[in-house]
Structure formats: structure tokens, C-alpha cells
file input10.cif (mmCIF, C-alpha atoms)
data_entry
#
loop_
_atom_site.group_PDB
_atom_site.id
_atom_site.type_symbol
_atom_site.label_atom_id
_atom_site.label_comp_id
_atom_site.auth_asym_id
_atom_site.auth_seq_id
_atom_site.Cartn_x
_atom_site.Cartn_y
_atom_site.Cartn_z
ATOM 1 C CA MET A 1 5.058 -30.989 0.375
ATOM 2 C CA LEU A 2 2.214 -28.759 -0.832
ATOM 3 C CA GLN A 3 -0.283 -31.425 0.147
ATOM 4 C CA GLN A 4 1.145 -31.437 3.684
ATOM 5 C CA ILE A 5 1.005 -27.655 3.876
ATOM 6 C CA PHE A 6 -2.635 -27.514 2.758
ATOM 7 C CA SER A 7 -3.706 -30.463 4.903
ATOM 8 C CA HIS A 8 -2.242 -28.846 8.029
ATOM 9 C CA THR A 9 -4.029 -25.565 7.379
ATOM 10 C CA PRO A 10 -6.831 -25.038 9.926
ATOM 11 C CA LEU A 11 -10.369 -24.970 8.529
ATOM 12 C CA TYR A 12 -11.001 -21.438 9.773
ATOM 13 C CA VAL A 13 -8.297 -20.198 7.360
ATOM 14 C CA TRP A 14 -10.332 -21.489 4.412
ATOM 15 C CA ALA A 15 -13.458 -19.876 5.872
ATOM 16 C CA ILE A 16 -11.638 -16.533 6.053
ATOM 17 C CA LEU A 17 -10.506 -16.984 2.453
ATOM 18 C CA GLY A 18 -14.100 -17.666 1.358
ATOM 19 C CA PHE A 19 -15.356 -14.591 3.212
ATOM 20 C CA LEU A 20 -12.682 -12.386 1.641
ATOM 21 C CA VAL A 21 -13.425 -13.660 -1.866
ATOM 22 C CA TYR A 22 -17.145 -13.063 -1.298
ATOM 23 C CA ARG A 23 -16.548 -9.489 -0.084
ATOM 24 C CA GLY A 24 -14.079 -8.836 -2.905
ATOM 25 C CA VAL A 25 -16.578 -9.926 -5.547
ATOM 26 C CA LEU A 26 -19.211 -7.684 -3.918
ATOM 27 C CA ALA A 27 -16.774 -4.760 -4.098
ATOM 28 C CA SER A 28 -16.364 -5.340 -7.839
ATOM 29 C CA ARG A 29 -19.879 -4.027 -8.473
ATOM 30 C CA ALA A 30 -21.152 -0.490 -8.012
ATOM 31 C CA ARG A 31 -23.440 -0.511 -5.009
ATOM 32 C CA GLU A 32 -24.841 1.418 -2.110
ATOM 33 C CA VAL A 33 -23.265 0.415 1.177
ATOM 34 C CA THR A 34 -23.816 1.657 4.701
ATOM 35 C CA LEU A 35 -20.892 3.175 6.548
ATOM 36 C CA ARG A 36 -21.025 0.372 9.098
ATOM 37 C CA LYS A 37 -20.643 -2.290 6.407
ATOM 38 C CA LEU A 38 -17.950 -0.217 4.741
ATOM 39 C CA CYS A 39 -15.863 -0.619 7.908
ATOM 40 C CA ILE A 40 -15.948 -4.444 7.869
ATOM 41 C CA ILE A 41 -13.174 -5.208 5.389
ATOM 42 C CA PRO A 42 -10.709 -2.555 6.608
ATOM 43 C CA LEU A 43 -11.173 -3.844 10.162
ATOM 44 C CA VAL A 44 -10.837 -7.495 9.109
ATOM 45 C CA MET A 45 -7.702 -6.673 7.126
ATOM 46 C CA LEU A 46 -6.348 -4.672 10.070
ATOM 47 C CA ALA A 47 -6.939 -7.659 12.360
ATOM 48 C CA LEU A 48 -5.289 -10.079 9.919
ATOM 49 C CA SER A 49 -2.353 -7.738 9.486
ATOM 50 C CA LEU A 50 -1.779 -7.089 13.181
ATOM 51 C CA SER A 51 -2.268 -10.753 14.040
ATOM 52 C CA GLY A 52 0.364 -11.556 11.425
ATOM 53 C CA VAL A 53 2.835 -9.133 13.009
ATOM 54 C CA HIS A 54 2.055 -10.247 16.558
ATOM 55 C CA GLY A 55 1.948 -13.959 15.829
ATOM 56 C CA SER A 56 5.053 -14.033 13.662
ATOM 57 C CA PHE A 57 7.331 -11.376 15.101
ATOM 58 C CA GLY A 58 5.819 -10.151 18.360
ATOM 59 C CA LEU A 59 5.045 -6.594 19.340
ATOM 60 C CA ALA A 60 8.484 -5.816 20.742
ATOM 61 C CA GLY A 61 11.369 -4.501 18.708
ATOM 62 C CA SER A 62 11.206 -3.058 15.222
ATOM 63 C CA ALA A 63 8.250 -5.072 13.845
ATOM 64 C CA PRO A 64 5.442 -2.782 15.075
ATOM 65 C CA PHE A 65 7.357 0.316 13.958
ATOM 66 C CA ALA A 66 7.818 -1.116 10.473
ATOM 67 C CA TRP A 67 4.111 -1.960 10.413
ATOM 68 C CA ALA A 68 3.181 1.598 11.487
ATOM 69 C CA ILE A 69 5.403 3.166 8.816
ATOM 70 C CA GLY A 70 3.838 0.921 6.185
ATOM 71 C CA ALA A 71 0.330 1.714 7.446
ATOM 72 C CA LEU A 72 0.940 5.466 7.272
ATOM 73 C CA ALA A 73 2.402 5.175 3.776
ATOM 74 C CA GLY A 74 -0.496 2.985 2.593
ATOM 75 C CA ALA A 75 -3.105 5.306 4.110
ATOM 76 C CA ALA A 76 -1.502 8.343 2.482
ATOM 77 C CA LEU A 77 -1.378 6.528 -0.854
ATOM 78 C CA ALA A 78 -5.025 5.472 -0.672
ATOM 79 C CA TRP A 79 -6.116 8.938 0.474
ATOM 80 C CA SER A 80 -4.466 10.497 -2.564
ATOM 81 C CA LEU A 81 -5.707 7.917 -5.079
ATOM 82 C CA VAL A 82 -9.383 7.621 -4.122
ATOM 83 C CA ASP A 83 -11.447 9.405 -6.776
ATOM 84 C CA THR A 84 -13.935 11.274 -4.609
ATOM 85 C CA ARG A 85 -15.977 12.272 -7.674
ATOM 86 C CA LYS A 86 -17.116 8.649 -7.952
ATOM 87 C CA ILE A 87 -18.376 8.431 -4.368
ATOM 88 C CA VAL A 88 -21.917 9.632 -3.756
ATOM 89 C CA ALA A 89 -22.849 10.204 -0.128
ATOM 90 C CA ILE A 90 -26.424 9.472 0.962
ATOM 91 C CA PRO A 91 -26.595 10.989 4.475
ATOM 92 C CA GLU A 92 -30.290 10.266 4.997
ATOM 93 C CA ARG A 93 -29.503 6.529 4.821
ATOM 94 C CA ALA A 94 -26.012 6.710 6.383
ATOM 95 C CA SER A 95 -24.596 5.182 3.227
ATOM 96 C CA VAL A 96 -22.532 5.872 0.146
ATOM 97 C CA GLN A 97 -22.791 4.809 -3.472
ATOM 98 C CA ARG A 98 -19.399 3.416 -4.502
ATOM 99 C CA PRO A 99 -18.138 2.404 -7.903
ATOM 100 C CA GLY A 100 -17.188 -1.209 -8.439
ATOM 101 C CA SER A 101 -13.524 -2.165 -8.393
ATOM 102 C CA TRP A 102 -11.441 -5.333 -8.394
ATOM 103 C CA VAL A 103 -8.720 -3.563 -6.388
ATOM 104 C CA PRO A 104 -10.156 -4.591 -2.975
ATOM 105 C CA LEU A 105 -10.202 -8.267 -3.984
ATOM 106 C CA THR A 106 -6.647 -8.013 -5.272
ATOM 107 C CA LEU A 107 -5.482 -6.385 -2.041
ATOM 108 C CA MET A 108 -7.358 -8.877 0.140
ATOM 109 C CA MET A 109 -5.915 -11.842 -1.716
ATOM 110 C CA SER A 110 -2.453 -10.283 -1.523
ATOM 111 C CA ILE A 111 -2.527 -9.893 2.248
ATOM 112 C CA PHE A 112 -4.136 -13.309 2.713
ATOM 113 C CA CYS A 113 -1.549 -15.033 0.519
ATOM 114 C CA MET A 114 1.279 -13.110 2.141
ATOM 115 C CA LYS A 115 0.096 -14.009 5.646
ATOM 116 C CA TYR A 116 -0.265 -17.643 4.573
ATOM 117 C CA ALA A 117 3.185 -17.700 2.940
ATOM 118 C CA VAL A 118 4.784 -16.089 5.994
ATOM 119 C CA ALA A 119 3.131 -18.660 8.291
ATOM 120 C CA VAL A 120 4.365 -21.523 6.108
ATOM 121 C CA THR A 121 7.854 -20.025 5.870
ATOM 122 C CA LEU A 122 8.086 -19.611 9.636
ATOM 123 C CA ALA A 123 6.785 -23.148 10.201
ATOM 124 C CA ILE A 124 9.573 -24.464 7.951
ATOM 125 C CA ALA A 125 12.294 -22.011 9.103
ATOM 126 C CA PRO A 126 11.377 -20.552 12.532
ATOM 127 C CA ALA A 127 14.674 -18.646 12.771
ATOM 128 C CA TYR A 128 13.359 -16.184 10.162
ATOM 129 C CA ALA A 129 11.125 -14.711 12.869
ATOM 130 C CA HIS A 130 14.252 -13.105 14.307
ATOM 131 C CA ALA A 131 15.823 -12.069 11.002
ATOM 132 C CA ILE A 132 15.453 -8.331 10.429
ATOM 133 C CA GLY A 133 15.875 -8.850 6.677
ATOM 134 C CA PHE A 134 12.709 -10.967 6.719
ATOM 135 C CA SER A 135 10.598 -9.346 9.428
ATOM 136 C CA LEU A 136 10.932 -5.690 8.425
ATOM 137 C CA PRO A 137 9.792 -6.054 4.789
ATOM 138 C CA VAL A 138 6.958 -8.348 5.871
ATOM 139 C CA CYS A 139 5.783 -5.907 8.554
ATOM 140 C CA LEU A 140 6.093 -2.946 6.175
ATOM 141 C CA ALA A 141 3.957 -4.797 3.628
ATOM 142 C CA TYR A 142 1.363 -5.834 6.233
ATOM 143 C CA GLY A 143 1.150 -2.225 7.356
ATOM 144 C CA CYS A 144 0.935 -0.883 3.826
ATOM 145 C CA PHE A 145 -1.930 -3.213 2.922
ATOM 146 C CA SER A 146 -3.825 -2.266 6.077
ATOM 147 C CA GLY A 147 -3.097 1.402 5.496
ATOM 148 C CA ILE A 148 -4.514 1.240 1.983
ATOM 149 C CA PHE A 149 -7.797 -0.135 3.310
ATOM 150 C CA LEU A 150 -7.909 2.346 6.195
ATOM 151 C CA GLY A 151 -6.958 5.308 3.995
ATOM 152 C CA GLY A 152 -9.673 4.435 1.490
ATOM 153 C CA LEU A 153 -12.198 4.128 4.317
ATOM 154 C CA LEU A 154 -11.144 7.449 5.847
ATOM 155 C CA ARG A 155 -11.343 9.194 2.470
ATOM 156 C CA THR A 156 -14.837 7.821 1.881
ATOM 157 C CA VAL A 157 -15.936 8.880 5.370
ATOM 158 C CA ALA A 158 -14.529 12.360 4.683
ATOM 159 C CA VAL A 159 -16.647 12.586 1.517
ATOM 160 C CA TYR A 160 -19.662 11.409 3.496
ATOM 161 C CA ARG A 161 -19.045 13.933 6.296
ATOM 162 C CA ALA A 162 -18.672 16.776 3.806
ATOM 163 C CA ALA A 163 -21.997 15.835 2.190
ATOM 164 C CA GLN A 164 -23.586 15.468 5.606
ATOM 165 C CA MET A 165 -22.479 18.979 6.567
ATOM 166 C CA THR A 166 -23.932 20.482 3.375
ATOM 167 C CA SER A 167 -27.204 18.556 3.666
ATOM 168 C CA GLY A 168 -27.985 20.056 7.079
ATOM 169 C CA PRO A 169 -29.146 18.548 10.363
ATOM 170 C CA GLN A 170 -31.349 15.879 8.749
ATOM 171 C CA GLY A 171 -28.208 13.869 7.821
ATOM 172 C CA ALA A 172 -27.797 10.626 9.724
ATOM 173 C CA ALA A 173 -24.980 10.223 12.196
ATOM 174 C CA VAL A 174 -22.334 7.550 11.667
#

call {"tool": "encode", "arguments": {"input": "input10.cif", "output": "C-alpha cells"}}
result
Amino acid sequence: MLQQIFSHTPLYVWAILGFLVYRGVLASRAREVTLRKLCIIPLVMLALSLSGVHGSFGLAGSAPFAWAIGALAGAALAWSLVDTRKIVAIPERASVQRPGSWVPLTLMMSIFCMKYAVAVTLAIAPAYAHAIGFSLPVCLAYGCFSGIFLGGLLRTVAVYRAAQMTSGPQGAAV
């Protein structure tokens, strides 16, 4: 059965997995990253999350509300947990120096595996798409994962903006 599941997985899914692993390994090392590049993973994870909600449960009913509640909770959690003392803003290069962490890779693999497992589950048992007991927790989790990425991004941008304000008009715009 596993062989059938993997053999029916489109190639682009494996390409997305490779990209996420690559970006997760990059995030494990301290590095300077531009604000534009810093937006890539949160936006990719947002797209994966929303496509999971839309494709599996639709955008009508309780699914998008559960996703939104999860996203707000995840963003608030990330906002409160990001250690701003470890982020160094470099306004003249529109970048930040960030510490390395394996957390982004863990989160990316979690949402990828969850989206994959949900797709397989719904392919085997399509009726689950209409089961509130299945859709609400899934949408809450999708939202929470996306919110964590977005909250971390927003917190980092806030640190950058604060440094930009103190460095004067020579700071680069985002």
C-alpha cells in the first residue's frame, strides 16, 4: 500500500520536499539574510497551508475560521517566543543576521507531512472532508503552523524596523 501511495505522488511534491529540506538546512546555520529572502518560507508555508484547506475542505463553512484561529494563535506564540536579542538588523543592506535553528526545518517537515497525510487520508476516505472532527483540527493545525512562520517573520521585521528608525534616513527600505 505504501508503494502505491508513493508511486501516485506527483513529482512536484518531491520537488517541494527537496526545496523545504534545503531551506531548513540553511536556516540551521547563523547567517545574514535579506528581508526579501526571509519572506520566502513563510509565504511558501502560507501557500501550502491555504492550499491544503482549500483543496481538502473548501473555503466555505468552518474550515477557514479554524485556520484563521490557528494562524492567530501561532503568530502570537511565535511573536512571544522569538528572542529579539539574537537578531541583528543591518538596515544599510536591508538584511538581518539570524541565529541558526533547526526549528524551521522541523516546522516545515511537520506541515509537509501533515498535508501529505491529509491528502492520502482523503484519497482513501473522501467522506472525512465533510467530518468536522477531522477538518477542524487539521485546519487549526495548518493555521497554527502558518501563523508560527508569519509571527516569526513579523517579529523579525519589527526588530529590523526599530533598528532602521534608530539608524536614521540612510537605512534601506523594505

call {"tool": "closest_residue", "arguments": {"input": "input10.cif", "among": "A:Met165, A:Met108, A:Leu2, A:Val103", "to": "Pro42 (chain A)", "atoms": "all atoms listed in the file"}}
result
A:Met108

call {"tool": "resolve_selection", "arguments": {"input": "input10.cif", "expression": "the PyMOL selection byres ((chain A and resi 80) around 12)", "output": "list in words"}}
result
Ala73, Gly74, Ala75, Ala76, Leu77, Ala78, Trp79, Leu81, Val82, Asp83, Thr84, Ile148, Gly151, Gly152, Leu154, Arg155 and Thr156 of chain A

call {"tool": "atom_distance", "arguments": {"input": "input10.cif", "atom1": "CA of Ile132 (chain A)", "atom2": "CA of Leu48 (chain A)"}}
result
20.8 Å

call {"tool": "closest_residue", "arguments": {"input": "input10.cif", "among": "A:Ser28, A:Gln97, A:Ser146, A:Ser51", "to": "Ser110 (chain A)", "atoms": "all atoms listed in the file"}}
result
A:Ser146

call {"tool": "residues_near_point", "arguments": {"input": "input10.cif", "point": "(-27.2, 5.5, 6.8)", "cutoff": "12 Å", "atoms": "all atoms listed in the file", "output": "list of chain:residue names"}}
result
A:Glu32, A:Val33, A:Thr34, A:Leu35, A:Arg36, A:Lys37, A:Leu38, A:Ala89, A:Ile90, A:Pro91, A:Glu92, A:Arg93, A:Ala94, A:Ser95, A:Val96, A:Gln97, A:Val157, A:Tyr160, A:Arg161, A:Gln164, A:Gln170, A:Gly171, A:Ala172, A:Ala173, A:Val174

call {"tool": "resolve_selection", "arguments": {"input": "input10.cif", "expression": "the PyMOL selection byres ((chain A and resi 49) around 9)", "output": "VMD selection string"}}
result
chain A and resid 44 to 48 50 to 54 67 111 to 112 115 139 142 to 143 145 to 146

call {"tool": "resolve_selection", "arguments": {"input": "input10.cif", "expression": "the PyMOL selection byres ((chain A and resi 57) around 10)", "output": "list in words"}}
result
Ser51, Gly52, Val53, His54, Gly55, Ser56, Gly58, Leu59, Ala60, Gly61, Ser62, Ala63, Pro64, Leu122, Tyr128, Ala129, His130, Ala131, Ile132, Phe134, Ser135, Leu136, Val138 and Cys139 of chain A

call {"tool": "axis_aligned_box", "arguments": {"input": "input10.cif", "around": "region 107-120 of chain A", "padding_each_side": "6 Å", "output": "JSON"}}
result
{"center_x": -1.3, "center_y": -14.0, "center_z": 3.1, "size_x": 24.1, "size_y": 27.1, "size_z": 22.3}

call {"tool": "atom_distance", "arguments": {"input": "input10.cif", "atom1": "CA of Leu20 (chain A)", "atom2": "CA of Cys113 (chain A)"}}
result
11.5 Å

call {"tool": "closest_residue", "arguments": {"input": "input10.cif", "among": "A:Ala125, A:Val159, A:Met114, A:Leu105", "to": "Leu140 (chain A)", "atoms": "only C-alpha atoms"}}
result
A:Met114

call {"tool": "closest_residue", "arguments": {"input": "input10.cif", "among": "A:Ile16, A:Met1, A:Val21, A:Ala163", "to": "Thr106 (chain A)", "atoms": "all atoms listed in the file"}}
result
A:Val21

call {"tool": "atom_distance", "arguments": {"input": "input10.cif", "atom1": "CA of Pro104 (chain A)", "atom2": "CA of Val118 (chain A)"}}
result
20.9 Å

call {"tool": "closest_residue", "arguments": {"input": "input10.cif", "among": "A:Ile41, A:Val13, A:Ala66, A:Ala30", "to": "Tyr116 (chain A)", "atoms": "all atoms listed in the file"}}
result
A:Val13

call {"tool": "closest_residue", "arguments": {"input": "input10.cif", "among": "A:Tyr12, A:Ile87, A:Pro126, A:Ile40", "to": "Ala158 (chain A)", "atoms": "all atoms listed in the file"}}
result
A:Ile87
